>>> print(open('model_18.cif').read())   # mmCIF, N, CA and C atoms
data_structure
loop_
_atom_site.label_atom_id
_atom_site.label_comp_id
_atom_site.auth_asym_id
_atom_site.auth_seq_id
_atom_site.Cartn_x
_atom_site.Cartn_y
_atom_site.Cartn_z
N MET A 1388 -67.56 53.00 17.88
CA MET A 1388 -68.33 54.21 17.69
C MET A 1388 -69.28 54.01 16.50
N SER A 1389 -70.50 54.45 16.64
CA SER A 1389 -71.47 54.33 15.56
C SER A 1389 -71.14 55.31 14.44
N ARG A 1390 -71.68 55.06 13.29
CA ARG A 1390 -71.48 55.97 12.16
C ARG A 1390 -72.05 57.34 12.49
N LYS A 1391 -73.19 57.37 13.19
CA LYS A 1391 -73.81 58.64 13.59
C LYS A 1391 -72.86 59.44 14.48
N ALA A 1392 -72.26 58.78 15.46
CA ALA A 1392 -71.31 59.45 16.35
C ALA A 1392 -70.05 59.85 15.59
N GLY A 1393 -69.60 59.01 14.67
CA GLY A 1393 -68.44 59.34 13.84
C GLY A 1393 -68.69 60.55 12.97
N ARG A 1394 -69.89 60.64 12.42
CA ARG A 1394 -70.26 61.79 11.60
C ARG A 1394 -70.24 63.07 12.45
N ARG A 1395 -70.76 62.97 13.66
CA ARG A 1395 -70.76 64.13 14.56
C ARG A 1395 -69.32 64.55 14.90
N THR A 1396 -68.44 63.57 15.16
CA THR A 1396 -67.04 63.88 15.45
C THR A 1396 -66.38 64.53 14.24
N ALA A 1397 -66.64 63.99 13.05
CA ALA A 1397 -66.08 64.59 11.82
C ALA A 1397 -66.57 66.03 11.67
N PHE A 1398 -67.85 66.26 11.97
CA PHE A 1398 -68.41 67.61 11.89
C PHE A 1398 -67.69 68.55 12.86
N PHE A 1399 -67.50 68.12 14.11
CA PHE A 1399 -66.81 68.96 15.09
C PHE A 1399 -65.40 69.31 14.62
N LEU A 1400 -64.69 68.31 14.10
CA LEU A 1400 -63.32 68.54 13.61
C LEU A 1400 -63.32 69.53 12.45
N LEU A 1401 -64.22 69.32 11.50
CA LEU A 1401 -64.27 70.20 10.33
C LEU A 1401 -64.70 71.61 10.69
N TYR A 1402 -65.61 71.72 11.62
CA TYR A 1402 -66.03 73.05 12.09
C TYR A 1402 -64.83 73.79 12.68
N GLN A 1403 -64.10 73.13 13.56
CA GLN A 1403 -62.92 73.76 14.18
C GLN A 1403 -61.88 74.12 13.12
N TRP A 1404 -61.66 73.22 12.18
CA TRP A 1404 -60.70 73.44 11.09
C TRP A 1404 -61.11 74.67 10.28
N ASP A 1405 -62.39 74.76 9.96
CA ASP A 1405 -62.91 75.85 9.14
C ASP A 1405 -62.81 77.19 9.87
N VAL A 1406 -63.17 77.21 11.14
CA VAL A 1406 -63.21 78.46 11.90
C VAL A 1406 -61.82 78.93 12.32
N THR A 1407 -60.95 78.00 12.71
CA THR A 1407 -59.64 78.38 13.22
C THR A 1407 -58.55 78.46 12.17
N GLY A 1408 -58.72 77.73 11.07
CA GLY A 1408 -57.67 77.67 10.06
C GLY A 1408 -56.49 76.79 10.46
N GLN A 1409 -56.62 76.10 11.59
CA GLN A 1409 -55.55 75.20 12.06
C GLN A 1409 -55.50 73.95 11.18
N PRO A 1410 -54.35 73.32 11.05
CA PRO A 1410 -54.29 72.05 10.33
C PRO A 1410 -55.20 71.04 11.03
N LEU A 1411 -55.90 70.26 10.25
CA LEU A 1411 -56.86 69.29 10.79
C LEU A 1411 -56.20 68.37 11.80
N ALA A 1412 -55.02 67.87 11.50
CA ALA A 1412 -54.34 66.93 12.39
C ALA A 1412 -54.04 67.53 13.76
N SER A 1413 -53.90 68.85 13.84
CA SER A 1413 -53.60 69.48 15.13
C SER A 1413 -54.84 69.55 16.02
N LEU A 1414 -56.01 69.24 15.48
CA LEU A 1414 -57.25 69.34 16.24
C LEU A 1414 -57.66 68.03 16.89
N TYR A 1415 -56.97 66.95 16.56
CA TYR A 1415 -57.31 65.65 17.15
C TYR A 1415 -56.93 65.67 18.62
N GLU A 1416 -57.89 65.37 19.48
CA GLU A 1416 -57.62 65.27 20.91
C GLU A 1416 -57.96 63.85 21.34
N GLY A 1417 -57.00 63.18 21.90
CA GLY A 1417 -57.24 61.81 22.34
C GLY A 1417 -57.43 60.89 21.16
N GLU A 1418 -58.15 59.83 21.40
CA GLU A 1418 -58.40 58.81 20.37
C GLU A 1418 -59.57 59.26 19.50
N VAL A 1419 -59.33 59.42 18.21
CA VAL A 1419 -60.37 59.81 17.27
C VAL A 1419 -60.73 58.59 16.43
N ASP A 1420 -62.02 58.31 16.35
CA ASP A 1420 -62.53 57.20 15.57
C ASP A 1420 -61.95 57.22 14.14
N ALA A 1421 -61.54 56.07 13.65
CA ALA A 1421 -60.90 55.99 12.33
C ALA A 1421 -61.83 56.47 11.22
N TRP A 1422 -63.12 56.12 11.30
CA TRP A 1422 -64.06 56.56 10.27
C TRP A 1422 -64.21 58.07 10.30
N ALA A 1423 -64.32 58.64 11.49
CA ALA A 1423 -64.45 60.09 11.63
C ALA A 1423 -63.21 60.80 11.09
N ARG A 1424 -62.05 60.28 11.42
CA ARG A 1424 -60.80 60.87 10.95
C ARG A 1424 -60.72 60.81 9.43
N HIS A 1425 -61.01 59.64 8.87
CA HIS A 1425 -60.96 59.47 7.42
C HIS A 1425 -61.95 60.42 6.73
N THR A 1426 -63.16 60.52 7.27
CA THR A 1426 -64.17 61.39 6.68
C THR A 1426 -63.74 62.85 6.76
N ALA A 1427 -63.29 63.29 7.91
CA ALA A 1427 -62.85 64.68 8.08
C ALA A 1427 -61.71 65.01 7.12
N GLU A 1428 -60.74 64.11 7.00
CA GLU A 1428 -59.60 64.35 6.12
C GLU A 1428 -60.04 64.39 4.65
N ALA A 1429 -60.93 63.48 4.27
CA ALA A 1429 -61.41 63.46 2.89
C ALA A 1429 -62.20 64.73 2.56
N VAL A 1430 -63.07 65.13 3.48
CA VAL A 1430 -63.87 66.34 3.26
C VAL A 1430 -62.97 67.58 3.20
N ALA A 1431 -62.00 67.68 4.08
CA ALA A 1431 -61.09 68.83 4.05
C ALA A 1431 -60.33 68.88 2.72
N ALA A 1432 -59.89 67.73 2.26
CA ALA A 1432 -59.15 67.68 1.00
C ALA A 1432 -60.03 68.06 -0.20
N GLU A 1433 -61.31 67.73 -0.12
CA GLU A 1433 -62.25 67.99 -1.21
C GLU A 1433 -63.02 69.30 -1.03
N ALA A 1434 -62.72 70.07 -0.01
CA ALA A 1434 -63.53 71.24 0.33
C ALA A 1434 -63.82 72.16 -0.86
N PRO A 1435 -62.85 72.53 -1.68
CA PRO A 1435 -63.18 73.43 -2.81
C PRO A 1435 -64.20 72.81 -3.78
N THR A 1436 -64.06 71.54 -4.07
CA THR A 1436 -65.00 70.86 -4.96
C THR A 1436 -66.37 70.77 -4.32
N LEU A 1437 -66.42 70.39 -3.05
CA LEU A 1437 -67.68 70.29 -2.33
C LEU A 1437 -68.36 71.66 -2.25
N ASP A 1438 -67.58 72.69 -1.97
CA ASP A 1438 -68.13 74.04 -1.90
C ASP A 1438 -68.72 74.48 -3.24
N ALA A 1439 -68.08 74.10 -4.34
CA ALA A 1439 -68.61 74.45 -5.66
C ALA A 1439 -69.95 73.77 -5.90
N LEU A 1440 -70.08 72.52 -5.49
CA LEU A 1440 -71.35 71.80 -5.63
C LEU A 1440 -72.43 72.42 -4.75
N ILE A 1441 -72.07 72.80 -3.55
CA ILE A 1441 -73.01 73.45 -2.62
C ILE A 1441 -73.46 74.78 -3.20
N THR A 1442 -72.52 75.58 -3.69
CA THR A 1442 -72.84 76.89 -4.26
C THR A 1442 -73.77 76.73 -5.45
N ALA A 1443 -73.51 75.76 -6.31
CA ALA A 1443 -74.36 75.54 -7.49
C ALA A 1443 -75.79 75.18 -7.10
N ALA A 1444 -75.96 74.52 -5.98
CA ALA A 1444 -77.29 74.08 -5.54
C ALA A 1444 -77.96 75.04 -4.57
N ALA A 1445 -77.24 76.06 -4.11
CA ALA A 1445 -77.75 76.92 -3.04
C ALA A 1445 -78.61 78.08 -3.51
N ASP A 1446 -78.83 78.23 -4.79
CA ASP A 1446 -79.75 79.22 -5.33
C ASP A 1446 -79.55 80.62 -4.73
N GLY A 1447 -78.51 81.28 -5.18
CA GLY A 1447 -78.26 82.65 -4.75
C GLY A 1447 -77.31 82.79 -3.58
N TRP A 1448 -76.87 81.70 -3.03
CA TRP A 1448 -75.91 81.73 -1.91
C TRP A 1448 -74.63 81.06 -2.37
N THR A 1449 -73.52 81.51 -1.82
CA THR A 1449 -72.27 80.81 -2.05
C THR A 1449 -71.92 80.08 -0.76
N ALA A 1450 -71.16 79.00 -0.87
CA ALA A 1450 -70.81 78.21 0.31
C ALA A 1450 -70.11 79.06 1.37
N ASP A 1451 -69.30 80.01 0.93
CA ASP A 1451 -68.58 80.83 1.91
C ASP A 1451 -69.49 81.82 2.65
N ARG A 1452 -70.70 82.05 2.15
CA ARG A 1452 -71.65 82.93 2.84
C ARG A 1452 -72.49 82.17 3.86
N LEU A 1453 -72.50 80.86 3.77
CA LEU A 1453 -73.24 80.06 4.74
C LEU A 1453 -72.50 80.08 6.07
N GLY A 1454 -73.21 79.82 7.15
CA GLY A 1454 -72.56 79.71 8.44
C GLY A 1454 -71.63 78.51 8.46
N ALA A 1455 -70.63 78.55 9.30
CA ALA A 1455 -69.66 77.45 9.37
C ALA A 1455 -70.32 76.13 9.76
N VAL A 1456 -71.34 76.18 10.60
CA VAL A 1456 -72.06 74.95 10.98
C VAL A 1456 -72.71 74.34 9.75
N GLU A 1457 -73.53 75.14 9.06
CA GLU A 1457 -74.24 74.63 7.89
C GLU A 1457 -73.28 74.19 6.80
N ARG A 1458 -72.25 74.99 6.55
CA ARG A 1458 -71.28 74.68 5.49
C ARG A 1458 -70.61 73.33 5.72
N ASN A 1459 -70.20 73.05 6.95
CA ASN A 1459 -69.50 71.80 7.20
C ASN A 1459 -70.42 70.60 7.26
N ILE A 1460 -71.64 70.80 7.70
CA ILE A 1460 -72.64 69.72 7.63
C ILE A 1460 -72.91 69.39 6.16
N LEU A 1461 -73.07 70.41 5.34
CA LEU A 1461 -73.29 70.19 3.91
C LEU A 1461 -72.09 69.52 3.26
N ARG A 1462 -70.89 69.93 3.62
CA ARG A 1462 -69.70 69.29 3.05
C ARG A 1462 -69.68 67.80 3.32
N ILE A 1463 -69.96 67.41 4.56
CA ILE A 1463 -69.97 65.99 4.90
C ILE A 1463 -71.04 65.27 4.10
N ALA A 1464 -72.24 65.84 4.05
CA ALA A 1464 -73.34 65.19 3.34
C ALA A 1464 -73.05 65.06 1.85
N VAL A 1465 -72.53 66.11 1.23
CA VAL A 1465 -72.22 66.04 -0.20
C VAL A 1465 -71.12 65.01 -0.45
N HIS A 1466 -70.14 64.96 0.43
CA HIS A 1466 -69.11 63.92 0.33
C HIS A 1466 -69.75 62.53 0.35
N GLU A 1467 -70.70 62.34 1.26
CA GLU A 1467 -71.37 61.04 1.34
C GLU A 1467 -72.25 60.78 0.12
N LEU A 1468 -72.91 61.81 -0.39
CA LEU A 1468 -73.75 61.65 -1.57
C LEU A 1468 -72.92 61.27 -2.80
N ARG A 1469 -71.69 61.70 -2.84
CA ARG A 1469 -70.81 61.38 -3.98
C ARG A 1469 -70.27 59.96 -3.91
N GLY A 1470 -70.32 59.36 -2.73
CA GLY A 1470 -69.83 57.99 -2.56
C GLY A 1470 -70.98 57.00 -2.65
N ASP A 1471 -70.68 55.75 -2.33
CA ASP A 1471 -71.74 54.75 -2.38
C ASP A 1471 -71.86 53.95 -1.08
N GLU A 1472 -71.25 54.45 -0.01
CA GLU A 1472 -71.32 53.77 1.28
C GLU A 1472 -72.62 54.03 2.01
N VAL A 1473 -73.19 55.21 1.80
CA VAL A 1473 -74.36 55.65 2.55
C VAL A 1473 -75.49 55.95 1.56
N PRO A 1474 -76.69 55.42 1.80
CA PRO A 1474 -77.82 55.77 0.94
C PRO A 1474 -78.09 57.28 1.00
N ASP A 1475 -78.51 57.84 -0.11
CA ASP A 1475 -78.76 59.28 -0.18
C ASP A 1475 -79.71 59.75 0.93
N GLU A 1476 -80.77 58.98 1.16
CA GLU A 1476 -81.76 59.38 2.16
C GLU A 1476 -81.14 59.47 3.55
N VAL A 1477 -80.24 58.56 3.86
CA VAL A 1477 -79.57 58.55 5.17
C VAL A 1477 -78.65 59.76 5.28
N ALA A 1478 -77.88 60.03 4.25
CA ALA A 1478 -76.97 61.19 4.27
C ALA A 1478 -77.76 62.48 4.50
N ILE A 1479 -78.89 62.62 3.81
CA ILE A 1479 -79.70 63.82 3.96
C ILE A 1479 -80.31 63.89 5.35
N ASP A 1480 -80.89 62.80 5.82
CA ASP A 1480 -81.52 62.79 7.14
C ASP A 1480 -80.52 63.11 8.25
N GLU A 1481 -79.34 62.53 8.17
CA GLU A 1481 -78.31 62.79 9.18
C GLU A 1481 -77.87 64.25 9.15
N ALA A 1482 -77.73 64.81 7.95
CA ALA A 1482 -77.32 66.21 7.82
C ALA A 1482 -78.39 67.15 8.38
N VAL A 1483 -79.64 66.88 8.07
CA VAL A 1483 -80.73 67.72 8.58
C VAL A 1483 -80.78 67.63 10.11
N THR A 1484 -80.60 66.44 10.65
CA THR A 1484 -80.60 66.26 12.10
C THR A 1484 -79.48 67.06 12.75
N LEU A 1485 -78.27 66.98 12.17
CA LEU A 1485 -77.15 67.77 12.71
C LEU A 1485 -77.44 69.27 12.63
N ALA A 1486 -77.99 69.71 11.51
CA ALA A 1486 -78.28 71.14 11.35
C ALA A 1486 -79.30 71.62 12.37
N ARG A 1487 -80.33 70.83 12.59
CA ARG A 1487 -81.35 71.21 13.58
C ARG A 1487 -80.78 71.20 14.99
N ARG A 1488 -79.88 70.27 15.26
CA ARG A 1488 -79.32 70.17 16.60
C ARG A 1488 -78.31 71.26 16.89
N TYR A 1489 -77.45 71.57 15.93
CA TYR A 1489 -76.36 72.50 16.18
C TYR A 1489 -76.58 73.89 15.59
N ALA A 1490 -77.66 74.06 14.85
CA ALA A 1490 -77.99 75.40 14.33
C ALA A 1490 -79.47 75.66 14.66
N THR A 1491 -80.33 75.65 13.65
CA THR A 1491 -81.75 75.94 13.86
C THR A 1491 -82.61 75.06 12.96
N ASP A 1492 -83.91 75.10 13.19
CA ASP A 1492 -84.83 74.39 12.30
C ASP A 1492 -84.74 74.95 10.88
N ASP A 1493 -84.56 76.29 10.78
CA ASP A 1493 -84.39 76.90 9.46
C ASP A 1493 -83.15 76.36 8.76
N ALA A 1494 -82.09 76.14 9.52
CA ALA A 1494 -80.87 75.56 8.95
C ALA A 1494 -81.16 74.15 8.45
N GLY A 1495 -81.97 73.41 9.18
CA GLY A 1495 -82.36 72.07 8.74
C GLY A 1495 -83.08 72.11 7.40
N ARG A 1496 -83.98 73.08 7.24
CA ARG A 1496 -84.71 73.21 5.97
C ARG A 1496 -83.76 73.62 4.84
N LEU A 1497 -82.83 74.53 5.14
CA LEU A 1497 -81.85 74.95 4.15
C LEU A 1497 -81.00 73.77 3.69
N VAL A 1498 -80.49 73.01 4.63
CA VAL A 1498 -79.66 71.84 4.33
C VAL A 1498 -80.47 70.84 3.50
N ASN A 1499 -81.70 70.60 3.90
CA ASN A 1499 -82.55 69.66 3.18
C ASN A 1499 -82.77 70.11 1.73
N GLY A 1500 -83.03 71.40 1.55
CA GLY A 1500 -83.26 71.92 0.21
C GLY A 1500 -82.04 71.82 -0.69
N ILE A 1501 -80.90 72.18 -0.17
CA ILE A 1501 -79.66 72.11 -0.97
C ILE A 1501 -79.33 70.68 -1.32
N LEU A 1502 -79.40 69.79 -0.35
CA LEU A 1502 -79.07 68.38 -0.61
C LEU A 1502 -80.09 67.74 -1.54
N GLY A 1503 -81.36 68.10 -1.39
CA GLY A 1503 -82.38 67.58 -2.30
C GLY A 1503 -82.10 67.96 -3.73
N ARG A 1504 -81.69 69.21 -3.95
CA ARG A 1504 -81.36 69.66 -5.30
C ARG A 1504 -80.14 68.89 -5.85
N ILE A 1505 -79.14 68.67 -5.01
CA ILE A 1505 -77.96 67.93 -5.45
C ILE A 1505 -78.33 66.50 -5.84
N VAL A 1506 -79.19 65.86 -5.07
CA VAL A 1506 -79.62 64.49 -5.38
C VAL A 1506 -80.42 64.46 -6.68
N ARG A 1507 -81.31 65.44 -6.87
CA ARG A 1507 -82.10 65.48 -8.10
C ARG A 1507 -81.20 65.67 -9.31
N GLU A 1508 -80.20 66.54 -9.19
CA GLU A 1508 -79.29 66.76 -10.31
C GLU A 1508 -78.40 65.54 -10.57
N LYS A 1509 -78.07 64.83 -9.50
CA LYS A 1509 -77.26 63.61 -9.63
C LYS A 1509 -78.04 62.54 -10.41
N ALA A 1510 -79.35 62.48 -10.15
CA ALA A 1510 -80.19 61.47 -10.80
C ALA A 1510 -80.49 61.82 -12.25
N ALA A 1511 -80.40 63.08 -12.60
CA ALA A 1511 -80.75 63.52 -13.97
C ALA A 1511 -79.69 63.17 -14.98
#
>>> encode(input="model_18.cif", output="structure tokens")
Amino acid sequence: MSRKAGRRTAFFLLYQWDVTGQPLASLYEGEVDAWARHTAEAVAAEAPTLDALITAAADGWTADRLGAVERNILRIAVHELRGDEVPDEVAIDEAVTLARRYATDDAGRLVNGILGRIVREKAA
């Protein structure tokens, strides 16, 4: 499975986890890519920290006020921005693509703006 497909799988798992409140492990159906599973588990474990970073960059919005789609796309991207496996530009581009595909173009702009602010603050 490609990293792009793994990211999408992680997003689907995290979205279901966020909306249903079910344990993440109970949402695995069939064979789940190891990278997607690892990413989903790491993001779920870090959710409060990731949400705090998103809230700080969201200019008047809190992470819990964002839609579940946008919130979980942002969580994955911020998780990737905090690591060194994925270049910042790739993490942002993938997140914007997911937001546009599964939400709206406006969601893509929102995601881009929040992640751009996080990257600028990281560099400062």
>>> closest_residue(input="model_18.cif", among="A:Val1473, A:Leu1468, A:Leu1411, A:Leu1440", to="Glu1428 (chain A)", atoms="only N, CA and C atoms")
A:Leu1411
>>> resolve_selection(input="model_18.cif", expression="the PyMOL selection byres ((chain A and resi 1459) around 8)", output="list in words")
Ala1397, Phe1398, Phe1399, Leu1401, Tyr1402, Asp1405, Leu1453, Gly1454, Ala1455, Val1456, Glu1457, Arg1458, Ile1460, Leu1461, Arg1462, Ile1463, Ala1464 and Val1465 of chain A
>>> closest_residue(input="model_18.cif", among="A:Lys1391, A:Trp1404, A:Val1430, A:Gln1409", to="His1466 (chain A)", atoms="all atoms listed in the file")
A:Val1430
>>> closest_atom_pairs(input="model_18.cif", of="region 1415-1453 of chain A", to="region 1492-1508 of chain A", cutoff="8 Å", atoms="all atoms listed in the file", output="JSON lines")
{"residue": "A:Leu1440", "atom": "C", "partner": "A:Ile1505", "partner_atom": "CA", "distance": 7.2}
{"residue": "A:Ile1441", "atom": "CA", "partner": "A:Ile1501", "partner_atom": "CA", "distance": 7.0}
{"residue": "A:Ala1443", "atom": "C", "partner": "A:Ile1505", "partner_atom": "N", "distance": 7.6}
{"residue": "A:Ala1444", "atom": "C", "partner": "A:Ile1501", "partner_atom": "CA", "distance": 4.9}
{"residue": "A:Ala1445", "atom": "CA", "partner": "A:Ile1501", "partner_atom": "CA", "distance": 5.6}
{"residue": "A:Asp1446", "atom": "N", "partner": "A:Ile1501", "partner_atom": "CA", "distance": 7.3}
>>> residues_around(input="model_18.cif", residues="Leu1400 (chain A)", least_positions_apart="6", cutoff="8 Å", atoms="all atoms listed in the file", output="list in words")
Arg1394, Val1406, Leu1411, Leu1414, Tyr1415 and Ala1427 of chain A
>>> residues_around(input="model_18.cif", residues="Asp1438 (chain A)", least_positions_apart="6", cutoff="7 Å", atoms="only N, CA and C atoms", output="JSON, numbers by chain")
{"A": [1449, 1450, 1451, 1462]}
>>> atom_distance(input="model_18.cif", atom1="atom N of Thr1407 (chain A)", atom2="atom N of Ala1439 (chain A)")
18.9 Å
>>> select_by_dssp(input="model_18.cif", residues="region 1433-1510 of chain A", states="helix (DSSP H, G or I)", output="ChimeraX atom specification")
/A:1433-1444,1450-1452,1455-1469,1475-1489,1492-1510
>>> atom_distance(input="model_18.cif", atom1="CA of Asp1475 (chain A)", atom2="CA of Ala1510 (chain A)")
10.9 Å
>>> residues_around(input="model_18.cif", residues="Arg1424 (chain A)", least_positions_apart="4", cutoff="7 Å", atoms="all atoms listed in the file", output="ChimeraX atom specification")
/A:1393,1396-1397,1419-1420,1428-1429
>>> atom_distance(input="model_18.cif", atom1="CA of Gly1470 (chain A)", atom2="CA of Lys1509 (chain A)")
11.7 Å
